[in-house]
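Q: Please find upload-v3.txt (compact mmCIF, C-alpha atoms and all ligand atoms) on the next line:
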# COMPACT_ATOMS: atom_id res chain seq x y z
CA MET V 1 134.86 -17.88 -97.03
CA SER V 2 131.14 -17.26 -96.47
CA LEU V 3 130.19 -15.14 -93.50
CA ILE V 4 127.56 -17.64 -92.43
CA GLN V 5 127.34 -21.25 -93.46
CA VAL V 6 124.40 -23.36 -92.34
CA SER V 7 124.35 -27.04 -93.13
CA GLN V 8 121.80 -29.72 -92.33
CA MET V 9 120.30 -27.61 -89.56
CA LYS V 10 117.47 -29.37 -87.74
CA LYS V 11 115.19 -28.25 -84.94
CA SER V 12 112.10 -29.78 -83.36
CA PHE V 13 109.68 -28.56 -80.73
CA GLY V 14 108.55 -31.84 -79.22
CA SER V 15 107.21 -33.94 -82.07
CA LEU V 16 106.99 -30.95 -84.42
CA ASP V 17 109.90 -30.82 -86.87
CA VAL V 18 110.19 -27.07 -87.44
CA LEU V 19 113.51 -27.02 -89.31
CA LYS V 20 114.06 -30.15 -91.34
CA ASN V 21 117.32 -29.86 -93.20
CA ILE V 22 118.30 -26.26 -93.72
CA ASN V 23 121.29 -25.42 -95.91
CA PHE V 24 122.38 -21.98 -97.04
CA GLU V 25 125.27 -19.57 -97.07
CA VAL V 26 125.48 -15.84 -96.63
CA GLU V 27 128.39 -14.16 -98.37
CA ARG V 28 130.00 -11.04 -96.96
CA SER V 29 128.13 -7.85 -97.99
CA GLN V 30 125.18 -9.87 -99.25
CA VAL V 31 121.57 -9.17 -98.41
CA VAL V 32 119.58 -12.38 -98.10
CA ALA V 33 115.79 -12.09 -98.01
CA VAL V 34 113.87 -14.96 -96.46
CA ILE V 35 110.26 -15.37 -97.56
CA GLY V 36 107.63 -18.02 -96.94
CA PRO V 37 104.26 -18.67 -95.34
CA SER V 38 103.54 -18.16 -91.68
CA GLY V 39 104.67 -21.14 -89.61
CA SER V 40 107.28 -22.26 -92.14
CA GLY V 41 110.13 -21.84 -89.63
CA LYS V 42 111.60 -18.47 -90.64
CA SER V 43 111.78 -17.02 -87.12
CA THR V 44 113.08 -20.27 -85.65
CA MET V 45 115.79 -20.35 -88.32
CA LEU V 46 116.84 -16.78 -87.55
CA ARG V 47 116.68 -17.28 -83.78
CA SER V 48 118.82 -20.41 -84.11
CA LEU V 49 121.56 -18.42 -85.84
CA VAL V 50 121.96 -16.20 -82.77
CA HIS V 51 121.50 -19.05 -80.30
CA LEU V 52 118.10 -17.89 -79.05
CA GLU V 53 117.02 -21.40 -80.01
CA GLN V 54 119.06 -24.56 -79.62
CA ILE V 55 119.28 -26.70 -82.77
CA ASP V 56 119.07 -30.49 -82.64
CA GLY V 57 121.37 -31.27 -85.54
CA GLY V 58 123.57 -29.82 -88.23
CA SER V 59 126.08 -26.98 -88.20
CA ILE V 60 126.18 -23.20 -88.01
CA CYS V 61 129.50 -21.62 -88.91
CA VAL V 62 130.20 -17.88 -88.65
CA GLU V 63 133.41 -16.52 -90.15
CA GLY V 64 134.97 -19.96 -89.92
CA ASP V 65 133.97 -20.40 -86.28
CA TYR V 66 131.48 -23.14 -85.41
CA LEU V 67 128.58 -22.11 -83.17
CA ALA V 68 127.42 -25.70 -83.52
CA LYS V 69 129.05 -28.50 -85.46
CA ASP V 70 127.07 -31.66 -86.23
CA GLY V 71 124.63 -30.72 -83.50
CA VAL V 72 127.29 -30.12 -80.84
CA TYR V 73 127.61 -26.57 -79.51
CA ALA V 74 130.87 -24.75 -78.92
CA ASN V 75 131.90 -23.81 -75.38
CA HIS V 76 130.37 -20.82 -73.60
CA GLN V 77 133.18 -18.42 -74.47
CA THR V 78 133.10 -19.30 -78.17
CA LEU V 79 129.30 -18.99 -78.23
CA LYS V 80 129.60 -15.50 -76.76
CA ARG V 81 132.30 -14.50 -79.22
CA ILE V 82 130.26 -15.69 -82.19
CA THR V 83 126.87 -14.34 -81.13
CA SER V 84 128.43 -10.94 -80.37
CA LYS V 85 129.14 -10.64 -84.12
CA MET V 86 125.43 -10.76 -84.87
CA GLY V 87 122.79 -8.10 -84.29
CA MET V 88 119.09 -8.91 -84.27
CA VAL V 89 116.11 -6.68 -84.99
CA PHE V 90 112.71 -8.06 -84.00
CA GLN V 91 109.20 -7.48 -85.30
CA HIS V 92 108.10 -5.90 -82.04
CA PHE V 93 111.23 -3.75 -81.54
CA ASN V 94 111.95 -5.11 -78.01
CA LEU V 95 113.17 -1.74 -76.74
CA PHE V 96 113.52 -1.27 -72.99
CA PRO V 97 110.49 0.89 -72.13
CA HIS V 98 111.95 2.42 -68.96
CA PHE V 99 115.10 3.64 -70.71
CA THR V 100 115.40 6.57 -73.08
CA VAL V 101 116.36 6.08 -76.73
CA LYS V 102 119.97 6.97 -76.00
CA GLU V 103 120.07 4.67 -72.98
CA ASN V 104 118.65 1.84 -75.09
CA LEU V 105 121.59 2.26 -77.46
CA GLU V 106 124.25 2.59 -74.78
CA LEU V 107 123.19 -0.12 -72.34
CA ALA V 108 124.80 -3.19 -73.93
CA PRO V 109 128.07 -1.47 -74.99
CA LYS V 110 128.50 -0.07 -71.47
CA TYR V 111 127.84 -3.49 -70.00
CA VAL V 112 130.49 -5.25 -72.11
CA LYS V 113 132.93 -2.34 -71.63
CA ARG V 114 134.74 -2.77 -74.92
CA ALA V 115 134.78 0.99 -75.45
CA SER V 116 135.11 4.08 -73.24
CA ALA V 117 132.05 6.02 -72.11
CA GLY V 118 133.02 8.85 -74.46
CA GLU V 119 133.34 6.54 -77.46
CA ILE V 120 129.97 4.98 -76.67
CA ARG V 121 128.33 8.42 -76.45
CA HIS V 122 129.83 9.43 -79.79
CA LYS V 123 128.73 6.24 -81.43
CA SER V 124 125.15 6.46 -80.20
CA ALA V 125 124.94 10.07 -81.39
CA ASP V 126 126.31 9.07 -84.81
CA LEU V 127 123.92 6.16 -85.17
CA LEU V 128 120.88 8.18 -84.11
CA GLU V 129 121.82 10.69 -86.74
CA LYS V 130 122.18 7.91 -89.29
CA VAL V 131 118.61 6.70 -88.66
CA GLY V 132 117.31 10.28 -88.52
CA LEU V 133 116.44 10.39 -84.82
CA SER V 134 118.98 12.72 -83.24
CA ASP V 135 116.13 14.81 -81.83
CA LYS V 136 114.66 11.78 -80.01
CA ALA V 137 117.77 10.82 -78.01
CA ASN V 138 116.18 11.68 -74.67
CA GLU V 139 112.66 10.45 -75.39
CA TYR V 140 111.19 7.26 -74.00
CA PRO V 141 110.11 4.59 -76.54
CA SER V 142 106.41 5.05 -75.68
CA ARG V 143 106.61 8.56 -77.17
CA LEU V 144 107.77 7.27 -80.57
CA SER V 145 105.89 5.97 -83.60
CA GLY V 146 106.39 2.34 -84.60
CA GLY V 147 108.66 3.35 -87.44
CA GLN V 148 110.77 5.45 -85.10
CA LYS V 149 110.96 2.61 -82.56
CA GLN V 150 112.17 0.23 -85.24
CA ARG V 151 114.80 2.71 -86.39
CA VAL V 152 115.99 2.95 -82.77
CA ALA V 153 116.14 -0.85 -82.63
CA ILE V 154 118.30 -0.87 -85.77
CA ALA V 155 120.62 1.79 -84.35
CA ARG V 156 120.83 -0.20 -81.11
CA ALA V 157 121.78 -3.37 -83.00
CA LEU V 158 124.51 -1.42 -84.82
CA MET V 159 126.06 -0.17 -81.55
CA MET V 160 127.97 -3.45 -81.15
CA SER V 161 129.38 -3.17 -84.71
CA PRO V 162 128.02 -6.55 -85.77
CA ALA V 163 129.43 -8.37 -88.79
CA ILE V 164 125.88 -9.28 -89.73
CA LEU V 165 122.41 -7.97 -88.98
CA LEU V 166 119.38 -10.24 -88.82
CA PHE V 167 115.86 -8.85 -89.18
CA ASP V 168 112.70 -10.77 -88.32
CA GLU V 169 109.83 -9.10 -90.19
CA PRO V 170 111.01 -5.61 -89.23
CA THR V 171 107.99 -3.88 -90.77
CA SER V 172 105.19 -6.35 -90.02
CA ALA V 173 104.04 -4.57 -86.87
CA LEU V 174 103.98 -1.16 -88.55
CA ASP V 175 101.18 0.83 -90.10
CA PRO V 176 101.69 0.74 -93.89
CA GLU V 177 102.71 4.40 -94.08
CA LEU V 178 105.60 3.75 -91.67
CA THR V 179 107.21 0.79 -93.43
CA GLY V 180 109.00 2.98 -95.97
CA GLU V 181 111.15 4.83 -93.43
CA VAL V 182 112.38 1.52 -91.94
CA LEU V 183 113.01 -0.13 -95.31
CA GLN V 184 114.90 3.00 -96.34
CA VAL V 185 117.30 2.57 -93.41
CA ILE V 186 117.86 -1.09 -94.30
CA LYS V 187 118.41 -0.13 -97.92
CA GLN V 188 120.98 2.44 -96.88
CA LEU V 189 122.81 -0.20 -94.83
CA ALA V 190 122.79 -2.47 -97.90
CA GLU V 191 124.41 0.30 -99.92
CA GLU V 192 127.10 0.50 -97.23
CA ASN V 193 127.72 -3.23 -97.75
CA MET V 194 126.30 -4.39 -94.42
CA THR V 195 125.70 -8.12 -94.49
CA MET V 196 122.05 -8.82 -93.66
CA VAL V 197 119.46 -11.57 -93.48
CA VAL V 198 115.95 -10.13 -93.65
CA VAL V 199 112.80 -12.18 -93.09
CA THR V 200 110.16 -10.14 -94.86
CA HIS V 201 106.77 -10.04 -96.53
CA GLU V 202 107.79 -6.96 -98.51
CA MET V 203 108.33 -8.57 -101.90
CA GLY V 204 109.09 -5.27 -103.62
CA PHE V 205 111.84 -4.62 -101.10
CA ALA V 206 113.23 -8.17 -101.43
CA ARG V 207 113.27 -7.81 -105.18
CA GLU V 208 115.03 -4.49 -105.09
CA VAL V 209 117.56 -5.00 -102.30
CA ALA V 210 118.27 -8.73 -101.91
CA ASP V 211 121.16 -10.48 -103.62
CA GLN V 212 119.67 -13.82 -102.75
CA VAL V 213 116.15 -14.91 -101.80
CA LEU V 214 115.38 -18.04 -99.79
CA PHE V 215 111.87 -19.42 -100.00
CA MET V 216 111.01 -21.47 -96.91
CA ASP V 217 108.05 -23.78 -96.59
CA ASP V 218 107.31 -26.39 -93.97
CA GLY V 219 110.74 -26.26 -92.34
CA GLU V 220 112.75 -26.42 -95.56
CA VAL V 221 114.48 -24.01 -97.90
CA VAL V 222 112.51 -25.08 -100.93
CA GLU V 223 114.18 -22.74 -103.39
CA ALA V 224 116.97 -20.16 -103.33
CA GLY V 225 118.23 -17.80 -105.97
CA PRO V 226 118.67 -14.22 -107.09
CA PRO V 227 115.41 -12.23 -106.90
CA GLN V 228 115.03 -11.79 -110.67
CA GLN V 229 114.99 -15.57 -111.01
CA LEU V 230 113.00 -16.54 -107.95
CA PHE V 231 110.25 -13.98 -108.46
CA THR V 232 109.88 -14.18 -112.23
CA ASN V 233 110.78 -17.78 -112.93
CA PRO V 234 110.33 -19.87 -109.77
CA GLN V 235 111.35 -23.47 -110.38
CA HIS V 236 109.42 -25.16 -107.62
CA LYS V 237 105.64 -25.64 -107.52
CA ARG V 238 105.49 -24.61 -103.86
CA THR V 239 107.31 -21.35 -104.64
CA GLN V 240 104.93 -20.67 -107.53
CA ALA V 241 101.91 -21.37 -105.33
CA PHE V 242 103.18 -19.08 -102.56
CA LEU V 243 103.99 -16.23 -104.93
CA ASN V 244 100.56 -16.59 -106.54
CA THR V 245 98.88 -16.07 -103.18
CA ILE V 246 100.74 -12.86 -102.42
CA LEU V 247 101.68 -11.14 -105.68
P1 LIG F 301 107.49 -18.37 -89.11
O1 LIG F 301 108.41 -17.37 -88.49
O2 LIG F 301 107.88 -18.78 -90.49
O3 LIG F 301 106.05 -17.95 -89.03
P2 LIG F 301 108.13 -19.96 -86.77
O4 LIG F 301 109.58 -20.27 -86.83
O5 LIG F 301 107.68 -18.89 -85.85
O6 LIG F 301 107.59 -19.73 -88.26
O7 LIG F 301 107.34 -21.26 -86.36
C1 LIG F 301 107.49 -22.49 -87.04
C2 LIG F 301 106.67 -23.56 -86.33
O8 LIG F 301 107.22 -23.79 -85.04
C3 LIG F 301 105.22 -23.16 -86.08
O9 LIG F 301 104.43 -24.31 -86.25
C4 LIG F 301 105.22 -22.69 -84.65
O10 LIG F 301 103.96 -22.88 -84.07
C5 LIG F 301 106.26 -23.60 -84.02
N1 LIG F 301 106.94 -22.98 -82.88
C6 LIG F 301 107.69 -21.86 -82.89
N2 LIG F 301 108.20 -21.59 -81.68
C7 LIG F 301 107.78 -22.60 -80.88
C8 LIG F 301 107.98 -22.91 -79.49
N3 LIG F 301 108.75 -22.14 -78.71
N4 LIG F 301 107.39 -24.02 -79.00
C9 LIG F 301 106.64 -24.81 -79.79
N5 LIG F 301 106.42 -24.58 -81.10
C10 LIG F 301 106.97 -23.50 -81.64
MG MG F 302 108.06 -15.47 -87.79
Starting from the coordinates I provided, produce the structure as structure tokens.
Ligand code: ADP
Ligand code: MG
A:
Amino acid sequence: MSLIQVSQMKKSFGSLDVLKNINFEVERSQVVAVIGPSGSGKSTMLRSLVHLEQIDGGSICVEGDYLAKDGVYANHQTLKRITSKMGMVFQHFNLFPHFTVKENLELAPKYVKRASAGEIRHKSADLLEKVGLSDKANEYPSRLSGGQKQRVAIARALMMSPAILLFDEPTSALDPELTGEVLQVIKQLAEENMTMVVVTHEMGFAREVADQVLFMDDGEVVEAGPPQQLFTNPQHKRTQAFLNTIL
């Protein structure tokens, strides 16, 4: 069974059809890179998966559980259960500025009380070590570089032990010299078999790390395939045109 299965997903903002008929699957332990021009619907697609946007039609199924089926959403409890399996990392980090790094990590787990205070402390210490920021535990986000903030955001998303991590252009807000440290963390998670969907403009990264690449244009997944195929032998004219503009 796929970890995520999306079929015939549709979403409009007023008269603007932003997602037209989206179909794809994410297998367990896969890294799926999503590429495509600005405005093609990548963020809306990702936000819909975690119910930050409401879709108008189609189905989203996570580990056999329907978030929405044929446009009809599951009940509140089921929605919570499903969305709690997914962690999201945003372009602009979205850290809480008035909490320290450690507090940013511990806030949500303490709120849902699925673990003891001691377990939560251990986990946040472990994850800060994993992203190389143990020494920043008591700093406020404003004292960190963009790359450090994004690594905190990744550690925070991992605190809830998600089955899948979703990234929306995690390096787009960073100075070029800081993208490497964030991509390195994502690459490490890939090596540990974390299932991830990464919207990115980093084609080198997509090529190296992704198992599957989705090319989106104008609200559709125009082409999908393994990176070697999609980057070197794109089948669709729109994919070729997009790759020509950026490579
Ligand atoms: P991408 O992430 O690929 O740049 P988005 O999903 O952000 O694309 O946007 C797709 C389209 O939907 C764009 O035309 C954008 O202007 C529009 N859009 C996104 N969010 C909203 C919103 N909340 N209200 C109205 N239009 C929106
Ligand atoms: Mg976007």
Q: Kindly work out which residues sit at most 8 Å from ligand MG 302 (chain F), using all atoms listed in the file, and give the list as a VMD selection string.
A: chain V and resid 38 to 39 41 to 44 168 to 169 199
Q: List all protein, DNA and RNA residues that have at least one atom no more than 12 Å from any atom of ligand LIG 301 (chain F), counting all atoms listed in the file, and write them as a count of residues only.
A: 47
Q: Can you tell me, as a list of chain:residue names, what residues are no more than 6 Å from range 173-187 of chain V when counting only C-alpha atoms, ignoring any on the same chain fewer than 2 positions away?
A: V:Gly146, V:Gly147, V:Thr171, V:Leu189, V:Ala190
Q: To one decimal place in Å, what is the distance between CA of Glu191 in chain V and CA of Leu49 in chain V?
A: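 Here the two named atoms are 23.6 Å from each other.
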Q: Which polymer residues have any atom within 12 Å of an atom of Lys123 in chain V, counting all atoms listed in the file, with same-chain residues fewer than 5 positions away left out, as a list in words?
A: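 So the residues in contact are Lys102, Leu105, Glu106, Pro109, Lys110, Ala115, Ser116, Ala117, Gly118, Leu128, Glu129, Lys130, Ser134, Ala155, Arg156, Ala157, Leu158, Met159, Met160 and Ser161 of chain V.
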Q: Fewer than 2 positions away in the same chain doesn't count, so skip those; otherwise give me all residues within 7 Å of Phe93 in chain V, counting all atoms listed in the file, as a CSV table (one decimal) with C-alpha atoms, keeping the file's coordinate frame.
A:
chain,number,residue,atom,x,y,z
V,89,VAL,CA,116.1,-6.7,-85.0
V,90,PHE,CA,112.7,-8.1,-84.0
V,91,GLN,CA,109.2,-7.5,-85.3
V,95,LEU,CA,113.2,-1.7,-76.7
V,149,LYS,CA,111.0,2.6,-82.6
V,150,GLN,CA,112.2,0.2,-85.2
V,153,ALA,CA,116.1,-0.8,-82.6
Q: So how far away is CA of Cys61 in chain V from CA of Arg81 in chain V, in Å?
A: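 One can read the CA of Arg81 in chain V to CA of Cys61 in chain V distance as 12.3 Å.
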Q: In Å, how far is it from CA of Leu166 in chain V to CA of Val197 in chain V?
A: 4.8 Å
Q: Provide range 46-73 of chain V rebuilt to N, CA and C atoms, formatted as a PDB file, in the frame of the given file.
A:
ATOM      1  N   LEU V  46     116.078 -17.973 -87.901  1.00  0.00           N
ATOM      2  CA  LEU V  46     116.840 -16.780 -87.550  1.00  0.00           C
ATOM      3  C   LEU V  46     117.287 -16.821 -86.081  1.00  0.00           C
ATOM      4  N   ARG V  47     116.376 -17.205 -85.210  1.00  0.00           N
ATOM      5  CA  ARG V  47     116.680 -17.280 -83.780  1.00  0.00           C
ATOM      6  C   ARG V  47     117.767 -18.318 -83.494  1.00  0.00           C
ATOM      7  N   SER V  48     117.783 -19.380 -84.293  1.00  0.00           N
ATOM      8  CA  SER V  48     118.820 -20.410 -84.110  1.00  0.00           C
ATOM      9  C   SER V  48     120.201 -19.860 -84.451  1.00  0.00           C
ATOM     10  N   LEU V  49     120.261 -18.975 -85.442  1.00  0.00           N
ATOM     11  CA  LEU V  49     121.560 -18.420 -85.840  1.00  0.00           C
ATOM     12  C   LEU V  49     122.213 -17.653 -84.691  1.00  0.00           C
ATOM     13  N   VAL V  50     121.400 -16.994 -83.869  1.00  0.00           N
ATOM     14  CA  VAL V  50     121.960 -16.200 -82.770  1.00  0.00           C
ATOM     15  C   VAL V  50     121.851 -16.918 -81.422  1.00  0.00           C
ATOM     16  N   HIS V  51     121.546 -18.204 -81.503  1.00  0.00           N
ATOM     17  CA  HIS V  51     121.500 -19.050 -80.300  1.00  0.00           C
ATOM     18  C   HIS V  51     120.378 -18.649 -79.328  1.00  0.00           C
ATOM     19  N   LEU V  52     119.301 -18.080 -79.875  1.00  0.00           N
ATOM     20  CA  LEU V  52     118.100 -17.890 -79.050  1.00  0.00           C
ATOM     21  C   LEU V  52     117.280 -19.176 -79.044  1.00  0.00           C
ATOM     22  N   GLU V  53     117.571 -20.043 -80.007  1.00  0.00           N
ATOM     23  CA  GLU V  53     117.020 -21.400 -80.010  1.00  0.00           C
ATOM     24  C   GLU V  53     118.197 -22.360 -80.136  1.00  0.00           C
ATOM     25  N   GLN V  54     118.036 -23.524 -79.558  1.00  0.00           N
ATOM     26  CA  GLN V  54     119.060 -24.560 -79.620  1.00  0.00           C
ATOM     27  C   GLN V  54     118.693 -25.536 -80.754  1.00  0.00           C
ATOM     28  N   ILE V  55     119.598 -25.755 -81.687  1.00  0.00           N
ATOM     29  CA  ILE V  55     119.280 -26.700 -82.770  1.00  0.00           C
ATOM     30  C   ILE V  55     119.550 -28.133 -82.305  1.00  0.00           C
ATOM     31  N   ASP V  56     118.947 -29.085 -83.018  1.00  0.00           N
ATOM     32  CA  ASP V  56     119.070 -30.490 -82.640  1.00  0.00           C
ATOM     33  C   ASP V  56     120.052 -31.245 -83.535  1.00  0.00           C
ATOM     34  N   GLY V  57     120.425 -30.602 -84.651  1.00  0.00           N
ATOM     35  CA  GLY V  57     121.370 -31.270 -85.540  1.00  0.00           C
ATOM     36  C   GLY V  57     121.879 -30.307 -86.577  1.00  0.00           C
ATOM     37  N   GLY V  58     123.000 -30.659 -87.188  1.00  0.00           N
ATOM     38  CA  GLY V  58     123.570 -29.820 -88.230  1.00  0.00           C
ATOM     39  C   GLY V  58     124.559 -28.811 -87.686  1.00  0.00           C
ATOM     40  N   SER V  59     124.999 -27.904 -88.561  1.00  0.00           N
ATOM     41  CA  SER V  59     126.080 -26.980 -88.200  1.00  0.00           C
ATOM     42  C   SER V  59     125.755 -25.543 -88.568  1.00  0.00           C
ATOM     43  N   ILE V  60     126.245 -24.633 -87.732  1.00  0.00           N
ATOM     44  CA  ILE V  60     126.180 -23.200 -88.010  1.00  0.00           C
ATOM     45  C   ILE V  60     127.594 -22.668 -87.858  1.00  0.00           C
ATOM     46  N   CYS V  61     128.126 -22.100 -88.928  1.00  0.00           N
ATOM     47  CA  CYS V  61     129.500 -21.620 -88.910  1.00  0.00           C
ATOM     48  C   CYS V  61     129.511 -20.138 -89.261  1.00  0.00           C
ATOM     49  N   VAL V  62     130.147 -19.322 -88.434  1.00  0.00           N
ATOM     50  CA  VAL V  62     130.200 -17.880 -88.650  1.00  0.00           C
ATOM     51  C   VAL V  62     131.654 -17.452 -88.751  1.00  0.00           C
ATOM     52  N   GLU V  63     132.024 -16.912 -89.884  1.00  0.00           N
ATOM     53  CA  GLU V  63     133.410 -16.520 -90.150  1.00  0.00           C
ATOM     54  C   GLU V  63     134.401 -17.623 -89.780  1.00  0.00           C
ATOM     55  N   GLY V  64     134.059 -18.835 -90.154  1.00  0.00           N
ATOM     56  CA  GLY V  64     134.970 -19.960 -89.920  1.00  0.00           C
ATOM     57  C   GLY V  64     134.925 -20.545 -88.519  1.00  0.00           C
ATOM     58  N   ASP V  65     134.097 -19.970 -87.662  1.00  0.00           N
ATOM     59  CA  ASP V  65     133.970 -20.400 -86.280  1.00  0.00           C
ATOM     60  C   ASP V  65     132.661 -21.173 -86.104  1.00  0.00           C
ATOM     61  N   TYR V  66     132.712 -22.353 -85.557  1.00  0.00           N
ATOM     62  CA  TYR V  66     131.480 -23.140 -85.410  1.00  0.00           C
ATOM     63  C   TYR V  66     130.728 -22.777 -84.127  1.00  0.00           C
ATOM     64  N   LEU V  67     129.505 -22.271 -84.306  1.00  0.00           N
ATOM     65  CA  LEU V  67     128.580 -22.110 -83.170  1.00  0.00           C
ATOM     66  C   LEU V  67     128.141 -23.506 -82.740  1.00  0.00           C
ATOM     67  N   ALA V  68     127.755 -24.294 -83.748  1.00  0.00           N
ATOM     68  CA  ALA V  68     127.420 -25.700 -83.520  1.00  0.00           C
ATOM     69  C   ALA V  68     127.966 -26.493 -84.696  1.00  0.00           C
ATOM     70  N   LYS V  69     128.515 -27.654 -84.393  1.00  0.00           N
ATOM     71  CA  LYS V  69     129.050 -28.500 -85.460  1.00  0.00           C
ATOM     72  C   LYS V  69     128.453 -29.891 -85.277  1.00  0.00           C
ATOM     73  N   ASP V  70     127.758 -30.359 -86.301  1.00  0.00           N
ATOM     74  CA  ASP V  70     127.070 -31.660 -86.230  1.00  0.00           C
ATOM     75  C   ASP V  70     126.240 -31.770 -84.954  1.00  0.00           C
ATOM     76  N   GLY V  71     125.552 -30.699 -84.640  1.00  0.00           N
ATOM     77  CA  GLY V  71     124.630 -30.720 -83.500  1.00  0.00           C
ATOM     78  C   GLY V  71     125.281 -30.474 -82.143  1.00  0.00           C
ATOM     79  N   VAL V  72     126.602 -30.335 -82.119  1.00  0.00           N
ATOM     80  CA  VAL V  72     127.290 -30.120 -80.840  1.00  0.00           C
ATOM     81  C   VAL V  72     127.726 -28.654 -80.733  1.00  0.00           C
ATOM     82  N   TYR V  73     127.305 -27.992 -79.665  1.00  0.00           N
ATOM     83  CA  TYR V  73     127.610 -26.570 -79.510  1.00  0.00           C
ATOM     84  C   TYR V  73     129.027 -26.323 -79.015  1.00  0.00           C
TER      85      TYR V  73
END
